[in-house]
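Beneath this line is the structure, given in structure tokens, with notes to follow.
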Amino acid sequence: MSSEPVVEVSAVFDTILVLDFGSQYSHLITRRLREFNVYAEMLPCTQKISELTWKPKGVILSGGPYSVYDKDAPHVDHDVFKLDVPILGICYGMQELAWINGRGVARGEHREYGHATIHVKDSDNKLFHGIDNFQVWMSHGDKLNDLPTGFKTIATTDNSPYAAIAHEKENIWGIQFHPEVTHTTKGKQLLRNFAIDICQADQKWNMKNFIHTEIERIRTLVGEHGEVIGAVSGGVDSTVAAKLMKEAIGDRFHAILVDNGVMRLNECAEVKKTLSDGLGINLTVIDAADEFLSKLKGVTDPEKKRKIIGNTFIHIFEREAARIQPKAGGEIEYLLQGTLYPDVIESISFKGPSQTIKTHHNVGGLLEDMKLKLIEPLRELFKDEVRALGELMGIPHDLVWRHPFPGPGIAIRILGEVTPEQIKIARHADHIYIEEIKKAGIYDKISQAFACLLPVKSVGVMGDQRTYEQVIALRAIETSDFMTADWYIFDAAFLKNVAKRIVNEVDGVARVVYDITSKPPATVEWE
Ligand SMILES: Nc1ncnc2c1ncn2[C@@H]1O[C@H](COP(=O)(O)OP(=O)(O)OP(=O)(O)O)[C@@H](O)[C@H]1O
Ligand SMILES: O=c1[nH]c(=O)c2[nH+]cn([C@@H]3O[C@H](COP(=O)(O)O)[C@@H](O)[C@H]3O)c2[nH]1
Ligand SMILES: NC(=O)CC[C@H](N)C(=O)O
Ligand SMILES: [Mg+2]
């Protein structure tokens with residue numbers, strides 16, 4: 001590692017550059033490489049190579065939905081060949097290599113989608129080293145109709161005579177299948193062969209090395225006197241980011257927890273205790289419950305609720321930033337954000353942003369016109385890497401593995417108007433539900449669970465009395481990325497017990513239902 005001031009992670013760790021042509025799986029290439037400790041970063045396929053501030057150890061061209069011969073098809077900057085590093089083209093990426101080479105790519109007779117068996121023709125080559133005939137996953141319509149000049153065929157399938165090709169002298173490789181998806185049985189080994197044997201990237205990417213790099217990077221950025229403010233929710237992302245800041249600059253970091261009145265039962269007090277007393281983070285809790293609740297009065301539209309909460313967060317944050325007086329004089333210079341790599345990927349996506357289903361609030365994301373400069377220590381990390389980092393930094397297990405909790409809190413779990421009475425009901429029911437999940441020892445098996453309060457009344461009978469009260473819907477999901485999710489299958493006895501407790505203990509609830517909808521078509525939250 002260099003002793004120069006640290007600016008970019010890719011300048012410190014050997015890095016494989018993944019150029020994204022818009023495949024659904026591009027980010028998985030990055031993930032797989034990092035799984036065997038090789039750092040990888042994804043950039044759009046339109047990246048100008050001369051504008052890179054670091055030199056990759058190798059380049060991977062991803063798949064993509066286009067056909068290379070289309071008029072508006074994206075193409076890689078030809079300077080990529082001047083880098084003089086190994087290149088691997090995957091699916092569209094291989095077709096692109098052939099197209100640049102002047103060889104034909106044509107629409108195939110029929111689309112090939114699903115499994116195929118690879119026949120390795122040349123088991124001596126480095127890409128297939130140690131892997132023989134194996135199952136691969138195909139997803140293409142186009143195919144090479146000729147071998148590009150200087151290349152040889154190293155593997156075939158029944159439908160693809162050029163399933164893998166190599167120009168060993170120039171160190172350029174192409175494969176028609178997708179090694180990044182788990183359906184390709186030896187895919188990870190193949191990527192490892194490329195990154196480690198062919199590109200000679202070292203395997204130093206791990207969270208222990210990252211901590212040192214990152215702390216040094218923060219110190220360099222902030223300088224000896226700079227002060228930083230950050231919104232901290234008690235969720236894993238902002239907590240890990242805050243802990244890194246605290247290690248880097250101590251009390252020059254000011255963490256702010258906003259009590260928006262729609263946090264869970266005892267949440268603010270518990271977060272304050274864990275972060276201040278437990279982790280030594282300089283955290284101030286701002287009680288803004290009244291401000292949020294008065295603005296939410298009478299509002300029932302989900303998007304309006306989200307916007308009101310997002311905007312109020314900003315006001316409070318601006319107020320706090322102005323209130324804090326840095327020791328060295330002047331004003332607070334920096335704003336900490338817990339941005340993760342998936343957010344970055346989404347924003348650099350070659351395909352552009354997808355349709356808005358709901359407005360996710362993000363405090364920092366909405367502060368663009370502020371003078372504060374951003375610090376995003378986690379912007380290179382996936383969630384599981386953040387969790388590993390959290391554990392390494394001594395953040396308690398329960399906090400590291402906490403289910404995500406949205407910024408707008410239980411306001412988007414109370415359908416209809418958010419009133420103090422409704423908050424009390426939703427909070428209490430949620431508390432019982434989560435308490436029972438923890439008691440049953442299944443909290444870590446579930447990705448996210450919560451209770452929703454529905455504004456419909458239903459008839460019940462309790463102690464021979466007719467009741468006419470509201471409904472609680474329980475939600476629990478399993479997911480790896482929150483983009484898609486399945487509902488969790490509880491034991492019937494568990495649900496029976498939770499339903500009984502909620503109806504008995506929570507005033508205002510006469511009925512409990514369990515949400516058995518996956519995402520899609522539903523979303524995780526009800527609003
Ligand atoms: N009550 C709050 N007070 C201060 N900041 C908040 C609050 N709620 C959310 N934020 C800010 O909004 C950001 C986005 O929230 P988000 O829920 O996505 O992340 P998180 O809370 O850090 O982690 P997790 O996704 O595990 O809940 C947080 O990182 C934090 O900076
Ligand atoms: O910080 C956040 N601010 C928000 O406004 C927000 N809305 C949803 N979520 C969380 O995102 C994940 C996916 O939720 P949805 O399927 O409901 O979109 C789930 O984990 C949700 O809890 C939010 N998080
Ligand atoms: N998955 C891909 O990269 C597909 C590439 C190209 N669009 C094809 O259909 O062949
Ligand atoms: Mg959160």
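FYI, nothing fancy with the structure tokens labels: chains A, B, ... in order, residues from 1 per chain, ligands from 1 as they appear.
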Residues within 9 Å of ligand 3, counting only C-alpha atoms and all ligand atoms: report them as JSON, numbers by chain.
{"A": [21, 22, 23, 24, 25, 62, 63, 64, 65, 66, 67, 68, 90, 91, 92, 93, 94, 95, 105, 106, 107, 108, 111, 112, 138, 139, 140, 141, 142, 143, 176, 177, 178]}
Counting only C-alpha atoms and all ligand atoms, give me one row per residue of chain A with an atom at most 9 Å from an atom of ligand 1, showing the shortest contact pair and its distance in Å to one decimal, sorted by chain then residue number, as a Markdown table.
| residue | atom | partner | partner_atom_place_in_ligand_line | distance |
| --- | --- | --- | --- | --- |
| A:Gly230 | CA | ligand 1 | 31 (O) | 6.6 |
| A:Ala231 | CA | ligand 1 | 5 (N) | 3.8 |
| A:Val232 | CA | ligand 1 | 5 (N) | 4.2 |
| A:Ser233 | CA | ligand 1 | 7 (C) | 4.0 |
| A:Gly234 | CA | ligand 1 | 21 (O) | 6.0 |
| A:Gly235 | CA | ligand 1 | 21 (O) | 3.6 |
| A:Val236 | CA | ligand 1 | 26 (O) | 4.4 |
| A:Asp237 | CA | ligand 1 | 22 (O) | 3.8 |
| A:Ser238 | CA | ligand 1 | 22 (O) | 3.6 |
| A:Thr239 | CA | ligand 1 | 22 (O) | 6.3 |
| A:Val240 | CA | ligand 1 | 22 (O) | 8.2 |
| A:Ala241 | CA | ligand 1 | 22 (O) | 8.3 |
| A:Ala255 | CA | ligand 1 | 4 (C) | 8.3 |
| A:Ile256 | CA | ligand 1 | 4 (C) | 5.7 |
| A:Leu257 | CA | ligand 1 | 3 (N) | 3.9 |
| A:Val258 | CA | ligand 1 | 3 (N) | 3.7 |
| A:Asp259 | CA | ligand 1 | 1 (N) | 5.5 |
| A:Asn260 | CA | ligand 1 | 1 (N) | 6.1 |
| A:Gly261 | CA | ligand 1 | 1 (N) | 8.9 |
| A:Val262 | CA | ligand 1 | 1 (N) | 8.5 |
| A:Met263 | CA | ligand 1 | 1 (N) | 7.1 |
| A:Cys268 | CA | ligand 1 | 1 (N) | 8.2 |
| A:Val285 | CA | ligand 1 | 3 (N) | 8.2 |
| A:Ile286 | CA | ligand 1 | 3 (N) | 8.4 |
| A:Phe313 | CA | ligand 1 | 4 (C) | 7.6 |
| A:Phe317 | CA | ligand 1 | 4 (C) | 8.4 |
| A:Leu336 | CA | ligand 1 | 31 (O) | 7.7 |
| A:Gln337 | CA | ligand 1 | 31 (O) | 5.8 |
| A:Gly338 | CA | ligand 1 | 29 (O) | 4.7 |
| A:Thr339 | CA | ligand 1 | 29 (O) | 7.2 |
| A:His360 | CA | ligand 1 | 18 (O) | 8.1 |
| A:His361 | CA | ligand 1 | 14 (C) | 6.9 |
| A:Asn362 | CA | ligand 1 | 12 (O) | 4.8 |
| A:Val363 | CA | ligand 1 | 12 (O) | 4.9 |
| A:Gly364 | CA | ligand 1 | 31 (O) | 6.8 |
| A:Gly365 | CA | ligand 1 | 13 (C) | 8.7 |
| A:Lys383 | CA | ligand 1 | 26 (O) | 8.8 |
| A:Leu399 | CA | ligand 1 | 26 (O) | 8.9 |
| A:Val400 | CA | ligand 1 | 26 (O) | 8.3 |
| A:Trp401 | CA | ligand 1 | 26 (O) | 8.4 |
| A:Arg402 | CA | ligand 1 | 26 (O) | 6.6 |
| A:His403 | CA | ligand 1 | 26 (O) | 6.1 |
| A:Pro404 | CA | ligand 1 | 27 (O) | 3.6 |
| A:Phe405 | CA | ligand 1 | 27 (O) | 4.1 |
| A:Pro406 | CA | ligand 1 | 17 (O) | 4.3 |
| A:Gly407 | CA | ligand 1 | 8 (N) | 3.9 |
| A:Pro408 | CA | ligand 1 | 8 (N) | 7.1 |
| A:Gly409 | CA | ligand 1 | 8 (N) | 7.7 |
Please indicate the distance in Å from CA of Leu19 (chain A) to CA of Leu33 (chain A), rounded to one decimal place.
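CA of Leu33 (chain A) lies 13.9 Å from CA of Leu19 (chain A).
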Determine which residues of region 113-170 of chain A DSSP labels as strand (DSSP E or B) from the backbone of this structure, then write them out as JSON, numbers by chain.
{"A": [113, 114, 115, 116, 117, 119, 120, 135, 136, 137, 138, 139, 140, 141, 142, 143, 144, 152, 153, 154, 155, 156, 164, 165, 166, 167]}
For Tyr162 (chain A): contacts at 8 Å, only C-alpha atoms, fewer than 4 positions along chain excluded, given as a tab-separated table (two decimals) with C-alpha atoms, in the first residue's frame:
chain	number	residue	atom	x	y	z
A	144	LEU	CA	-20.38	-14.79	-33.22
A	147	LEU	CA	-13.65	-16.42	-34.98
A	153	THR	CA	-11.78	-21.37	-29.60
A	154	ILE	CA	-11.24	-22.70	-26.11
A	155	ALA	CA	-14.74	-24.02	-25.37
A	156	THR	CA	-18.00	-24.81	-27.11
A	157	THR	CA	-21.58	-25.73	-26.26
A	175	ILE	CA	-17.10	-16.01	-23.00
A	176	GLN	CA	-20.68	-16.25	-24.22
Ranking A:Gln203, A:Thr117, A:Asn101, A:Ser123 by minimum distance to Asn37 (chain A) and counting only C-alpha atoms, which one comes first?
A:Gln203
Applying 9 Å and only C-alpha atoms, which residues near Glu227 (chain A) remain after dropping the ones on its own chain fewer than 5 positions away? List them as a compact mmCIF listing (two decimals) with all heavy atoms, in the first residue's frame.
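Generated output (selection33.txt):
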# COMPACT_ATOMS: atom_id res chain seq x y z
N VAL A 222 -10.52 15.42 5.82
CA VAL A 222 -11.05 16.38 6.80
C VAL A 222 -9.97 17.34 7.30
O VAL A 222 -10.25 18.47 7.66
CB VAL A 222 -11.69 15.61 7.98
CG1 VAL A 222 -12.18 16.55 9.05
CG2 VAL A 222 -12.84 14.75 7.47
N ILE A 249 -11.67 10.82 13.65
CA ILE A 249 -11.53 12.22 14.11
C ILE A 249 -12.12 12.48 15.49
O ILE A 249 -12.21 13.64 15.93
CB ILE A 249 -12.14 13.22 13.09
CG1 ILE A 249 -13.64 12.95 12.89
CG2 ILE A 249 -11.41 13.16 11.75
CD1 ILE A 249 -14.35 14.09 12.18
N ASP A 251 -14.12 13.44 18.61
CA ASP A 251 -15.27 14.30 18.89
C ASP A 251 -15.45 15.44 17.88
O ASP A 251 -16.36 16.25 18.03
CB ASP A 251 -15.17 14.88 20.31
CG ASP A 251 -15.67 13.85 21.32
OD1 ASP A 251 -16.16 12.79 20.87
OD2 ASP A 251 -15.56 14.11 22.53
N ARG A 252 -14.59 15.47 16.88
CA ARG A 252 -14.85 16.44 15.81
C ARG A 252 -15.98 15.94 14.91
O ARG A 252 -16.40 16.59 13.99
CB ARG A 252 -13.58 16.70 15.00
CG ARG A 252 -12.60 17.61 15.74
CD ARG A 252 -11.45 18.00 14.86
NE ARG A 252 -10.51 16.91 14.70
CZ ARG A 252 -9.95 16.55 13.55
NH1 ARG A 252 -10.24 17.20 12.44
NH2 ARG A 252 -9.10 15.56 13.50
N PHE A 253 -16.46 14.72 15.20
CA PHE A 253 -17.64 14.21 14.49
C PHE A 253 -18.87 14.40 15.39
O PHE A 253 -18.87 14.00 16.55
CB PHE A 253 -17.47 12.74 14.14
CG PHE A 253 -18.73 12.13 13.59
CD1 PHE A 253 -19.34 12.70 12.47
CD2 PHE A 253 -19.33 11.05 14.20
CE1 PHE A 253 -20.53 12.18 11.97
CE2 PHE A 253 -20.51 10.51 13.70
CZ PHE A 253 -21.10 11.09 12.59
N HIS A 254 -19.90 15.02 14.84
CA HIS A 254 -21.13 15.28 15.59
C HIS A 254 -22.27 14.46 14.99
O HIS A 254 -22.74 14.77 13.89
CB HIS A 254 -21.51 16.76 15.50
CG HIS A 254 -20.38 17.67 15.90
ND1 HIS A 254 -20.22 18.14 17.18
CD2 HIS A 254 -19.35 18.17 15.18
CE1 HIS A 254 -19.13 18.90 17.24
NE2 HIS A 254 -18.58 18.94 16.04
N PRO A 326 -17.62 24.85 15.45
CA PRO A 326 -16.36 24.11 15.47
C PRO A 326 -15.32 24.79 16.36
O PRO A 326 -15.28 26.02 16.45
CB PRO A 326 -15.91 24.13 14.00
CG PRO A 326 -17.15 24.38 13.23
CD PRO A 326 -18.01 25.25 14.10
N LYS A 327 -14.49 23.95 17.00
CA LYS A 327 -13.50 24.48 17.94
C LYS A 327 -12.52 25.43 17.26
O LYS A 327 -12.08 26.41 17.83
CB LYS A 327 -12.73 23.33 18.60
CG LYS A 327 -13.56 22.60 19.62
CD LYS A 327 -12.67 21.69 20.49
CE LYS A 327 -13.52 20.75 21.30
NZ LYS A 327 -14.14 19.67 20.47
N ALA A 328 -12.18 25.10 16.01
CA ALA A 328 -11.19 25.91 15.31
C ALA A 328 -11.83 27.14 14.65
O ALA A 328 -11.19 27.85 13.87
CB ALA A 328 -10.49 25.06 14.25
N GLU A 331 -17.20 27.24 10.14
CA GLU A 331 -18.45 26.47 10.15
C GLU A 331 -18.14 24.99 9.93
O GLU A 331 -17.05 24.64 9.51
CB GLU A 331 -19.35 26.94 9.01
CG GLU A 331 -19.91 28.32 9.24
CD GLU A 331 -20.59 28.89 8.00
OE1 GLU A 331 -20.68 28.17 6.98
OE2 GLU A 331 -21.02 30.04 8.08
N ILE A 332 -19.15 24.17 10.20
CA ILE A 332 -19.02 22.74 9.89
C ILE A 332 -18.80 22.60 8.39
O ILE A 332 -19.48 23.23 7.59
CB ILE A 332 -20.31 21.99 10.28
CG1 ILE A 332 -20.50 22.00 11.77
CG2 ILE A 332 -20.32 20.60 9.68
CD1 ILE A 332 -19.93 20.81 12.49
N GLU A 333 -17.81 21.78 8.03
CA GLU A 333 -17.45 21.70 6.62
C GLU A 333 -18.04 20.49 5.90
O GLU A 333 -18.27 20.50 4.71
CB GLU A 333 -15.93 21.56 6.52
CG GLU A 333 -15.18 22.84 6.29
CD GLU A 333 -13.70 22.51 6.21
OE1 GLU A 333 -13.06 22.40 7.29
OE2 GLU A 333 -13.20 22.36 5.10
N TYR A 334 -18.19 19.40 6.67
CA TYR A 334 -18.51 18.12 6.02
C TYR A 334 -19.78 17.48 6.53
O TYR A 334 -20.14 17.63 7.70
CB TYR A 334 -17.36 17.13 6.24
CG TYR A 334 -16.12 17.50 5.49
CD1 TYR A 334 -15.13 18.26 6.10
CD2 TYR A 334 -15.96 17.10 4.17
CE1 TYR A 334 -13.99 18.62 5.41
CE2 TYR A 334 -14.82 17.45 3.47
CZ TYR A 334 -13.84 18.21 4.09
OH TYR A 334 -12.71 18.55 3.40
N LEU A 335 -20.40 16.74 5.66
CA LEU A 335 -21.59 15.96 6.00
C LEU A 335 -21.32 14.48 5.74
O LEU A 335 -20.92 14.10 4.64
CB LEU A 335 -22.77 16.42 5.13
CG LEU A 335 -24.01 15.54 5.18
CD1 LEU A 335 -24.67 15.63 6.54
CD2 LEU A 335 -25.00 15.96 4.10
Here is a test: counting only C-alpha atoms and all ligand atoms, which residue of A:Ala473, A:Ala485, A:Leu275, A:Ala195 is nearest to ligand 2?
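Of A:Ala473, A:Ala485, A:Leu275, A:Ala195, the one nearest ligand 2 is A:Ala485, counting only C-alpha atoms and all ligand atoms.
Taking CA of Pro420 (chain A) as the reference point, CA of Val506 (chain A) is found at 14.5 Å.
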Considering only C-alpha atoms, state which residue in the set A:Asp486, A:Glu417, A:Asp515, A:Glu96 is at the smallest distance from Leu296 (chain A).
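So, comparing all the options, the nearest one is A:Glu417.
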Which one is closest to ligand 4: A:Thr185, A:Glu267, A:Glu8, A:Gln135? Count only C-alpha atoms and all ligand atoms.
A:Glu267
Compile the contact shell of Ile489 (chain A) as a CSV table (one decimal) with N, CA, C and O atoms, in the first residue's frame: residues with an atom at most 9 Å away, counting only C-alpha atoms, same-chain residues fewer than 2 positions apart removed.
chain,number,residue,atom,x,y,z
A,476,ALA,N,-43.3,-10.2,7.4
A,476,ALA,CA,-41.9,-10.7,7.7
A,476,ALA,C,-41.4,-11.2,6.3
A,476,ALA,O,-42.2,-11.9,5.6
A,477,ILE,N,-40.2,-10.8,5.9
A,477,ILE,CA,-39.7,-11.2,4.6
A,477,ILE,C,-38.3,-11.8,4.7
A,477,ILE,O,-37.6,-11.5,5.6
A,487,TRP,N,-42.2,-13.9,1.5
A,487,TRP,CA,-42.7,-13.8,2.9
A,487,TRP,C,-42.2,-15.0,3.6
A,487,TRP,O,-41.9,-16.1,3.1
A,491,ASP,N,-44.0,-20.9,12.1
A,491,ASP,CA,-44.8,-22.0,12.6
A,491,ASP,C,-46.2,-21.4,12.9
A,491,ASP,O,-46.3,-20.3,13.4
A,492,ALA,N,-47.2,-22.2,12.8
A,492,ALA,CA,-48.6,-21.8,13.1
A,492,ALA,C,-48.7,-21.4,14.5
A,492,ALA,O,-49.3,-20.4,14.9
A,516,ILE,N,-49.1,-12.3,3.2
A,516,ILE,CA,-48.5,-13.4,2.4
A,516,ILE,C,-48.3,-13.0,1.0
A,516,ILE,O,-48.6,-13.8,0.0
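Residues in contact range of Gly508 (chain A), defined as at most 8 Å between only C-alpha atoms, with sequence neighbours fewer than 6 positions away removed, read Ile425, Glu469 and Gln470 of chain A.
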Residue subset to file, keeping N, CA, C and O atoms, as a PDB file, in the first residue's frame:
ATOM      1  N   ILE A 425     -50.715   2.555  19.162  1.00  0.00           N
ATOM      2  CA  ILE A 425     -51.179   1.206  18.820  1.00  0.00           C
ATOM      3  C   ILE A 425     -50.126   0.470  17.962  1.00  0.00           C
ATOM      4  O   ILE A 425     -49.729  -0.658  18.257  1.00  0.00           O
ATOM      5  N   GLU A 469     -62.965  -2.770  16.313  1.00  0.00           N
ATOM      6  CA  GLU A 469     -61.663  -2.118  16.389  1.00  0.00           C
ATOM      7  C   GLU A 469     -60.842  -2.374  15.128  1.00  0.00           C
ATOM      8  O   GLU A 469     -61.260  -3.092  14.234  1.00  0.00           O
ATOM      9  N   GLN A 470     -59.615  -1.829  15.133  1.00  0.00           N
ATOM     10  CA  GLN A 470     -58.788  -1.883  13.927  1.00  0.00           C
ATOM     11  C   GLN A 470     -58.042  -3.219  13.756  1.00  0.00           C
ATOM     12  O   GLN A 470     -58.096  -4.094  14.611  1.00  0.00           O
TER      13      GLN A 470
END
